[in-house]
Each structure stands twice: as structure tokens, then as C-alpha cells.
Amino acid sequence: MTEPTYLPFPPGSQPPYAVPNYRSSGLRAPHQPLVPISPTIERSGPVFSPSQFLAAADLSREAGRMALGERILVAGRVTDEADRPVPNTMIELWQANAAGRYHHVADTRDVPLDPNFRGTGRVFTDQDGRYQFLSIKPGAYPWGNHANAWRPAHIHFSLFGASWGARLVTQMYFPGDPLLDLDPIYQATPDPDARARLVAAFDLALTQGNEALGYRFDIVLRGLHATPMEGAR
Amino acid sequence: MRPVMRPTMRPVTASQTIGPFWHPLGDPALADLTRFGATGSRLELTGCVLDGGGAPVDDACIEIWQDTPPASPVFPGWGRCATGASGRFGFVTLAPDPSAPYLAVAIFARGLVKPLWTRVYFADTGDPLLAALPAARRQTLLARAEPAGWRWDVRLQGDGETVFLEL
């Protein structure tokens with residue numbers, strides 16, 4: 001009997017390690033081909049207890065004081081490839097402030113820090129895989145990749161899923177951002193549909209009057225699947 | 001045989017780099033898997049991450065996962081460590097069961113648009129992955145015992161490049 005396993009990624013749906021226009025990948029992307037394995041301990045994974053990892057679903061305030069910026073509510077659903085919900089999974093979040101600066105010792109750009117914004121959060125999906133958090137829209141910021149390089153506005157997501165092989169770190173972008181066409185990191189994923197799925201959708205139904213603009217961002221993680229095999233009868 | 005993806009299935013979300021500013025997630029306590037009081041055969045693992053030019057990678061996120069001893073309220077089985085200025089990382093954990101003497105490792109960093117998956121082994125016991133590798137490459141997955149604990153360096157690229165896995 002075949003153990004449930006991970007499905008291969010559809011061609012073009014994930015970026016390659018070596019990204020020619022992304023300077024930092026030059027000395028960090030491996031040169032040797034990956035060695036395929038049958039997962040063993042990778043088929044299990046960590047479970048995070050909200051009692052040890054406290055949820056923090058409102059990034060838009062610090063000690064009750066509101067951060068500067070355009071308030072947003074981000075919500076979505078986490079599923080696997082077969083559309084099965086991924087319940088009770090931890091999502092870690094981090095982002096720049098409205099001026100495009102991270103609350104981070106290495107970000108010394110000469111734009112303001114916001115004392116009411118740290119830019120980190122943690123949420124857990126519910127039984128149906130749904131999550132949401134409040135924040136402010138991050139600003140774009142320049143980086144040293146090439147002359148006049150600017151990262152499009154983005155929120156970093158770190159997800160664990162149901163097993164080690166499901167682990168995903170990604171970035172959520174905002175619709176209509178003209179920097180997306182110029183960004184080597186966003187553009188690293190060959191399939192345009194796969195790139196487009198990294199862009200949240202503005203959602204008026206999610207938008208709360210007087211409160212926050214709503215953006216929907218659904219995420220698909222790898223799952224373990226008992227699947228038909230090539231060559232199987 | 002390779003599994004077949006049915007056309008109706010939803011493609012997995014594209015990975016993006018963890019970037020240089022992920023450290024708010026890097027609580028140093030997360031590198032000590034015994035911090036909740038787990039007892040057993042203590043294992044200390046340290047190493048350095050080097051890039052293709054031999055320079056230390058000082059902004060990487062190293063994560064480990066092990067399923068033995070089984071996770072419990074006092075033993076998470078998972079750890080995370082930020083590399084420091086010398087590319088150095090270090091974990092304190094409990095030794096995995098001798099029948100599967102390895103940890104799963106994922107490496108995230110600026111410049112990596114997706115994680116590097118690998119394993120670190122504490123014994124060469126004829127495991128199918130190790131057995132299938134040429135000797136020189138096999139060595140890259142084997143930690144070595146030193147007086148202060150286990151030592152395992154990671155080379156992302158070039159001479160002595162660590163074996164990275166496709167799950």
C-alpha cells in the first residue's frame with residue numbers, strides 16, 4: 001500500500017531558487033539538483049498551542065493606541081489542494097508600517113517609525129480554515145536590489161499547516177500596485193495565474209463601515225494525499 | 001511512480017522569501033526545545049550557514065522538526081533559530097529515537113524565494129536517503145560529535161554544497 005504523499009507542484013506555480021534579477025539569490029541558491037525523498041518524519045509536523053503562542057489579531061493598535069495608516073481587515077481561508085480546510089493552524093504575520101519601515105534594528109531608512117505600530121501578529125485558523133486580522137496598509141519601500149528598486153506593498157505570512165512539508169512562507173500583495181510588474185521577487189514565479197493568487201482581492205462585503213477596508217487572501221498549503229499513481233491500474 | 005495531480009485541484013500558493021526583517025518571529029527561546037522542562041537524552045547542535053562565496057549567512061531562519069520523542073506539552077518537537085553575525089545557529093533538544101537518528105531542517109533567508117529542505121543525521125545507519133548518496137555528498141548531512149556537542153555546517157552553494165531535498 002502506498003503511503004499518502006505530497007503532490008508535485010504544477011509547473012510554474014512556484015519560483016525557482018535561482019532568480020536572475022534578485023541579487024541576493026546569486027550566492028544563496030543551490031547549484032546541485034534537489035534530491036527527491038519519500039517523506040518520513042516530514043509527514044508529521046508541529047502543533048502550536050494558543051496557550052503557548054498567544055494570538056495577536058490586531059496589528060493596528062499598540063497598547064490601545066491606533067497606528068497611522070489606512071486601516072485594513074485581511075481575511076481568508078487556508079485549505080489544501082483538495083480544498084480541505086486546514087483548521088487550527090498558526091499563521092505568523094509581519095509587515096512594514098504605513099511609511100514603509102519595519103520596526104527592526106536593521107531597517108534604518110530615514111522615514112518615521114510609528115510608536116503605535118510594531119507590525120507583527122499571530123492568528124490561528126478556525127475549524128473551517130478561516131482567519132482574519134486587523135492592520136494598516138504597509139507602505140512600499142526602496143531596497144538595494146537595483147537602481148530605484150521599490151518593493152510593492154506586502155504583508156509577510158508564515159504558515160505551518162498539517163505537516164512539515166506543508167510549511168509555507170509567502171507574501172500578500174495589494175491589487176493595482178504598479179510596482180508588482182517591476183518586482184523581481186513577485187515576478188520570480190513563472191505562472192502569471194500563480195502570481196495573481198498572491199494579490200489579495202478588495203472585498204466590499206468584508207469592508208467595515210467606519211472601520212477598515214476589507215481584503216480577501218486565500219492560501220493553499222500542501223497536503224498529504226492518497227492519490228492515483230502514474231502507471232497504476 | 002509519481003502521484004498524479006487531478007486537474008480540479010487547487011495549486012499551492014507560491015512561496016516568497018522570508019526577507020531580512022523576519023526577526024520579530026525569532027524569539028531566542030524557540031531554539032531550546034527543552035525550555036518547558038522536557039527531560040531525556042539532551043542534544044546540542046550548533047553550526048554555521050555559509051553562502052556560495054564562503055561568507056556567513058547572518059540573516060537566515062533555521063527551523064528543525066522531529067517526531068521523536070513525541071511532541072507533548074513539555075516538548076514541542078519544533079525549534080527556530082536566527083543565524084548571527086558569523087552565520088552561527090544553535091539548538092538544544094532531545095535526541096531523536098536511534099531508529100531514525102535525524103532531524104528535519106528547513107532554511108529560510110533573504111535571497112531564498114522558497115525554503116531549503118534538508119536533514120541532519122547523528123548516525124549513518126543505512127538510512128535509504130544516506131545510502132543513495134555518493135559518499136562526499138552524504139557527509140554534508142552528517143553532524144559530527146565534538147566535545148561541546150554536535151556540529152553541522154550548511155553550505156548553500158558550491159564546494160561542499162549541502163544536500164537539499166525535494167519533498
# chains A, B, ... in the order shown; residues from 1 in each chain; ligands from 1
call {"tool": "residues_around", "arguments": {"residues": "Ile62 (chain B)", "least_positions_apart": "5", "cutoff": "12 Å", "atoms": "only C-alpha atoms", "output": "ChimeraX atom specification"}}
result
/B:18,22-23,25-26,28,30-31,45-49,57,78-84,87-91,103-109,115-119,153-154
call {"tool": "closest_atom_pairs", "arguments": {"of": "region 13-54 of chain A", "to": "region 164-182 of chain A", "cutoff": "6 Å", "atoms": "only C-alpha atoms", "output": "tab-separated table"}}
result
residue	atom	partner	partner_atom	distance
A:Glu42	CA	A:Trp164	CA	4.9
A:Ser44	CA	A:Trp164	CA	5.9
A:Gly45	CA	A:Trp164	CA	4.6
call {"tool": "write_last_selection", "arguments": {"atoms": "C-alpha atoms", "output": "JSON list (two decimals), in the first residue's frame"}}
result
[["chain", "number", "residue", "atom", "x", "y", "z"],
["A", 42, "GLU", "CA", 8.24, 15.23, 7.25],
["A", 44, "SER", "CA", 4.11, 14.92, 10.65],
["A", 45, "GLY", "CA", 4.63, 18.42, 11.96]]
call {"tool": "residues_around", "arguments": {"residues": "Trp94 (chain A)", "least_positions_apart": "6", "cutoff": "8 Å", "atoms": "only C-alpha atoms", "output": "PyMOL selection string"}}
result
(chain A and resi 119-121+155-157) or (chain B and resi 22+24)
call {"tool": "write_last_selection", "arguments": {"atoms": "C-alpha atoms", "output": "short mmCIF file (atom, residue, chain, number, x, y, z; two decimals), in the first residue's frame"}}
result
data_model
loop_
_atom_site.label_atom_id
_atom_site.label_comp_id
_atom_site.auth_asym_id
_atom_site.auth_seq_id
_atom_site.Cartn_x
_atom_site.Cartn_y
_atom_site.Cartn_z
CA GLY A 119 3.88 45.20 12.64
CA THR A 120 3.75 41.65 13.97
CA GLY A 121 0.79 39.38 14.58
CA ILE A 155 2.42 41.55 4.25
CA HIS A 156 4.57 38.53 5.15
CA PHE A 157 2.74 35.30 6.04
CA TRP B 22 11.58 38.39 9.84
CA PRO B 24 10.23 39.56 15.26
#
call {"tool": "interface_residues", "arguments": {"of": "chain A", "to": "chain B", "cutoff": "6 Å", "atoms": "only C-alpha atoms", "output": "ChimeraX atom specification"}}
result
/A:7,14,24-25,27-28,30-31,34-37,46,81-82,169-171,219-221,227-230
call {"tool": "select_by_dssp", "arguments": {"residues": "region 38-209 of chain A", "states": "helix (DSSP H, G or I)", "output": "list in words"}}
result
Ile41, Glu42, Arg43, Trp164, Gly165, Ala166, Pro178, Leu179, Leu180, Asp181, Leu182, Pro184, Ile185, Tyr186, Gln187, Pro192, Asp193, Ala194, Arg195 and Ala196 of chain A
call {"tool": "write_last_selection", "arguments": {"atoms": "C-alpha atoms", "output": "PDB file, in the first residue's frame"}}
result
ATOM      1  CA  ILE A  41       9.205  12.483   9.717  1.00  0.00           C
ATOM      2  CA  GLU A  42       8.241  15.226   7.253  1.00  0.00           C
ATOM      3  CA  ARG A  43       4.747  13.717   7.118  1.00  0.00           C
ATOM      4  CA  TRP A 164       6.286  19.673   7.887  1.00  0.00           C
ATOM      5  CA  GLY A 165       6.107  19.583   4.095  1.00  0.00           C
ATOM      6  CA  ALA A 166       3.170  21.993   4.183  1.00  0.00           C
ATOM      7  CA  PRO A 178       2.169  49.381 -10.203  1.00  0.00           C
ATOM      8  CA  LEU A 179       5.326  48.041  -8.511  1.00  0.00           C
ATOM      9  CA  LEU A 180       4.244  44.421  -8.992  1.00  0.00           C
ATOM     10  CA  ASP A 181       5.332  44.478 -12.633  1.00  0.00           C
ATOM     11  CA  LEU A 182       8.810  45.648 -11.598  1.00  0.00           C
ATOM     12  CA  PRO A 184      11.885  40.547  -9.088  1.00  0.00           C
ATOM     13  CA  ILE A 185      10.556  38.656  -6.069  1.00  0.00           C
ATOM     14  CA  TYR A 186       6.920  38.796  -7.165  1.00  0.00           C
ATOM     15  CA  GLN A 187       7.919  38.141 -10.771  1.00  0.00           C
ATOM     16  CA  PRO A 192       1.042  34.581 -14.135  1.00  0.00           C
ATOM     17  CA  ASP A 193      -2.002  32.935 -12.544  1.00  0.00           C
ATOM     18  CA  ALA A 194       0.147  31.765  -9.623  1.00  0.00           C
ATOM     19  CA  ARG A 195       1.483  35.297  -9.228  1.00  0.00           C
ATOM     20  CA  ALA A 196      -2.022  36.753  -9.350  1.00  0.00           C
TER      21      ALA A 196
END
call {"tool": "atom_distance", "arguments": {"atom1": "CA of Pro115 (chain A)", "atom2": "CA of Tyr215 (chain A)"}}
result
24.8 Å
call {"tool": "select_by_dssp", "arguments": {"residues": "region 41-137 of chain B", "states": "strand (DSSP E)", "output": "MDAnalysis selection string"}}
result
chainID B and resid 42:50 61:65 78:82 88:94 102:108 116:121
call {"tool": "closest_residue", "arguments": {"among": "A:Pro10, A:Ala147, A:Phe133, A:Phe124", "to": "Ser51 (chain A)", "atoms": "only C-alpha atoms"}}
result
A:Phe124
call {"tool": "closest_residue", "arguments": {"among": "A:Ala67, A:Val111, A:Ile72, A:Val123", "to": "Leu159 (chain A)", "atoms": "only C-alpha atoms"}}
result
A:Val123
call {"tool": "closest_residue", "arguments": {"among": "A:Gln208, A:Thr189, A:Thr108, A:Thr79", "to": "Arg130 (chain A)", "atoms": "only C-alpha atoms"}}
result
A:Thr79
call {"tool": "residues_around", "arguments": {"residues": "Ala123 (chain B)", "least_positions_apart": "4", "cutoff": "12 Å", "atoms": "only C-alpha atoms", "output": "PyMOL selection string"}}
result
chain B and resi 95-103+119+127+130+138-139+141-145+150
call {"tool": "closest_residue", "arguments": {"among": "A:His154, A:Arg77, A:Arg84, A:His146", "to": "Asn97 (chain A)", "atoms": "only C-alpha atoms"}}
result
A:His154
call {"tool": "decode", "arguments": {"residues": "region 100-212 of chain A", "atoms": "C-alpha atoms", "output": "short mmCIF file (atom, residue, chain, number, x, y, z; two decimals), in the first residue's frame"}}
result
data_model
loop_
_atom_site.label_atom_id
_atom_site.label_comp_id
_atom_site.auth_asym_id
_atom_site.auth_seq_id
_atom_site.Cartn_x
_atom_site.Cartn_y
_atom_site.Cartn_z
CA GLY A 100 7.32 51.64 4.55
CA ARG A 101 9.61 50.99 7.51
CA TYR A 102 9.93 47.87 9.61
CA HIS A 103 10.18 48.00 13.38
CA HIS A 104 13.54 46.26 13.04
CA VAL A 105 17.06 47.24 14.06
CA ALA A 106 18.35 46.60 10.53
CA ASP A 107 15.81 48.94 8.91
CA THR A 108 17.45 52.35 9.29
CA ARG A 109 15.66 54.12 6.48
CA ASP A 110 15.02 57.80 7.18
CA VAL A 111 11.23 57.66 7.39
CA PRO A 112 9.29 57.59 10.66
CA LEU A 113 8.75 54.67 12.93
CA ASP A 114 5.25 54.63 14.39
CA PRO A 115 5.23 54.16 18.18
CA ASN A 116 1.78 52.62 17.81
CA PHE A 117 2.78 50.03 15.25
CA ARG A 118 5.09 47.06 15.70
CA GLY A 119 3.88 45.20 12.64
CA THR A 120 3.75 41.65 13.97
CA GLY A 121 0.79 39.38 14.58
CA ARG A 122 -0.25 35.79 15.07
CA VAL A 123 -3.59 34.19 14.31
CA PHE A 124 -4.98 30.67 14.22
CA THR A 125 -7.40 29.33 11.63
CA ASP A 126 -10.81 28.13 12.83
CA GLN A 127 -12.39 24.73 12.14
CA ASP A 128 -13.17 25.79 8.57
CA GLY A 129 -9.66 27.10 7.91
CA ARG A 130 -10.72 30.75 8.19
CA TYR A 131 -8.58 33.52 9.64
CA GLN A 132 -8.68 37.29 9.88
CA PHE A 133 -6.70 40.16 11.33
CA LEU A 134 -6.75 43.93 11.51
CA SER A 135 -3.82 46.03 10.43
CA ILE A 136 -2.84 49.08 8.43
CA LYS A 137 -1.78 49.02 4.80
CA PRO A 138 2.02 48.81 4.67
CA GLY A 139 3.95 51.33 2.61
CA ALA A 140 6.17 50.47 -0.34
CA TYR A 141 9.88 50.85 0.38
CA PRO A 142 13.12 51.08 -1.58
CA TRP A 143 15.69 48.31 -1.43
CA GLY A 144 19.19 47.84 -2.78
CA ASN A 145 18.49 45.24 -5.44
CA HIS A 146 18.98 47.62 -8.36
CA ALA A 147 18.76 51.34 -9.07
CA ASN A 148 15.46 52.82 -7.90
CA ALA A 149 14.16 49.44 -6.78
CA TRP A 150 10.98 49.52 -4.65
CA ARG A 151 9.20 46.60 -3.07
CA PRO A 152 5.45 46.65 -3.68
CA ALA A 153 3.37 46.93 -0.50
CA HIS A 154 3.20 43.48 1.08
CA ILE A 155 2.42 41.55 4.25
CA HIS A 156 4.57 38.53 5.15
CA PHE A 157 2.74 35.30 6.04
CA SER A 158 4.29 32.25 7.69
CA LEU A 159 2.12 29.13 7.86
CA PHE A 160 2.69 25.64 9.23
CA GLY A 161 -0.22 23.53 8.03
CA ALA A 162 -0.79 19.94 8.98
CA SER A 163 2.69 18.53 8.29
CA TRP A 164 6.29 19.67 7.89
CA GLY A 165 6.11 19.58 4.10
CA ALA A 166 3.17 21.99 4.18
CA ARG A 167 5.28 24.77 5.70
CA LEU A 168 4.91 27.97 3.66
CA VAL A 169 6.34 31.45 3.90
CA THR A 170 4.84 33.86 1.42
CA GLN A 171 3.83 37.48 0.86
CA MET A 172 0.42 39.00 0.25
CA TYR A 173 0.28 41.93 -2.17
CA PHE A 174 -2.35 44.58 -2.87
CA PRO A 175 -4.40 44.90 -6.06
CA GLY A 176 -3.48 47.57 -8.57
CA ASP A 177 0.05 48.11 -7.27
CA PRO A 178 2.17 49.38 -10.20
CA LEU A 179 5.33 48.04 -8.51
CA LEU A 180 4.24 44.42 -8.99
CA ASP A 181 5.33 44.48 -12.63
CA LEU A 182 8.81 45.65 -11.60
CA ASP A 183 9.44 43.44 -8.56
CA PRO A 184 11.89 40.55 -9.09
CA ILE A 185 10.56 38.66 -6.07
CA TYR A 186 6.92 38.80 -7.16
CA GLN A 187 7.92 38.14 -10.77
CA ALA A 188 10.06 35.13 -9.81
CA THR A 189 7.04 32.83 -10.06
CA PRO A 190 6.74 31.96 -13.75
CA ASP A 191 2.99 31.29 -13.99
CA PRO A 192 1.04 34.58 -14.13
CA ASP A 193 -2.00 32.94 -12.54
CA ALA A 194 0.15 31.76 -9.62
CA ARG A 195 1.48 35.30 -9.23
CA ALA A 196 -2.02 36.75 -9.35
CA ARG A 197 -3.05 34.49 -6.48
CA LEU A 198 -0.53 36.32 -4.27
CA VAL A 199 -2.55 39.52 -4.73
CA ALA A 200 -5.38 39.97 -2.25
CA ALA A 201 -8.81 40.93 -3.56
CA PHE A 202 -10.51 44.07 -2.33
CA ASP A 203 -13.79 42.92 -0.82
CA LEU A 204 -16.55 45.43 -0.14
CA ALA A 205 -18.55 42.79 1.75
CA LEU A 206 -15.65 42.41 4.16
CA THR A 207 -15.11 46.15 4.41
CA GLN A 208 -16.48 47.53 7.64
CA GLY A 209 -18.10 50.94 7.61
CA ASN A 210 -16.00 53.48 9.52
CA GLU A 211 -13.58 50.72 10.48
CA ALA A 212 -11.37 49.14 7.83
#
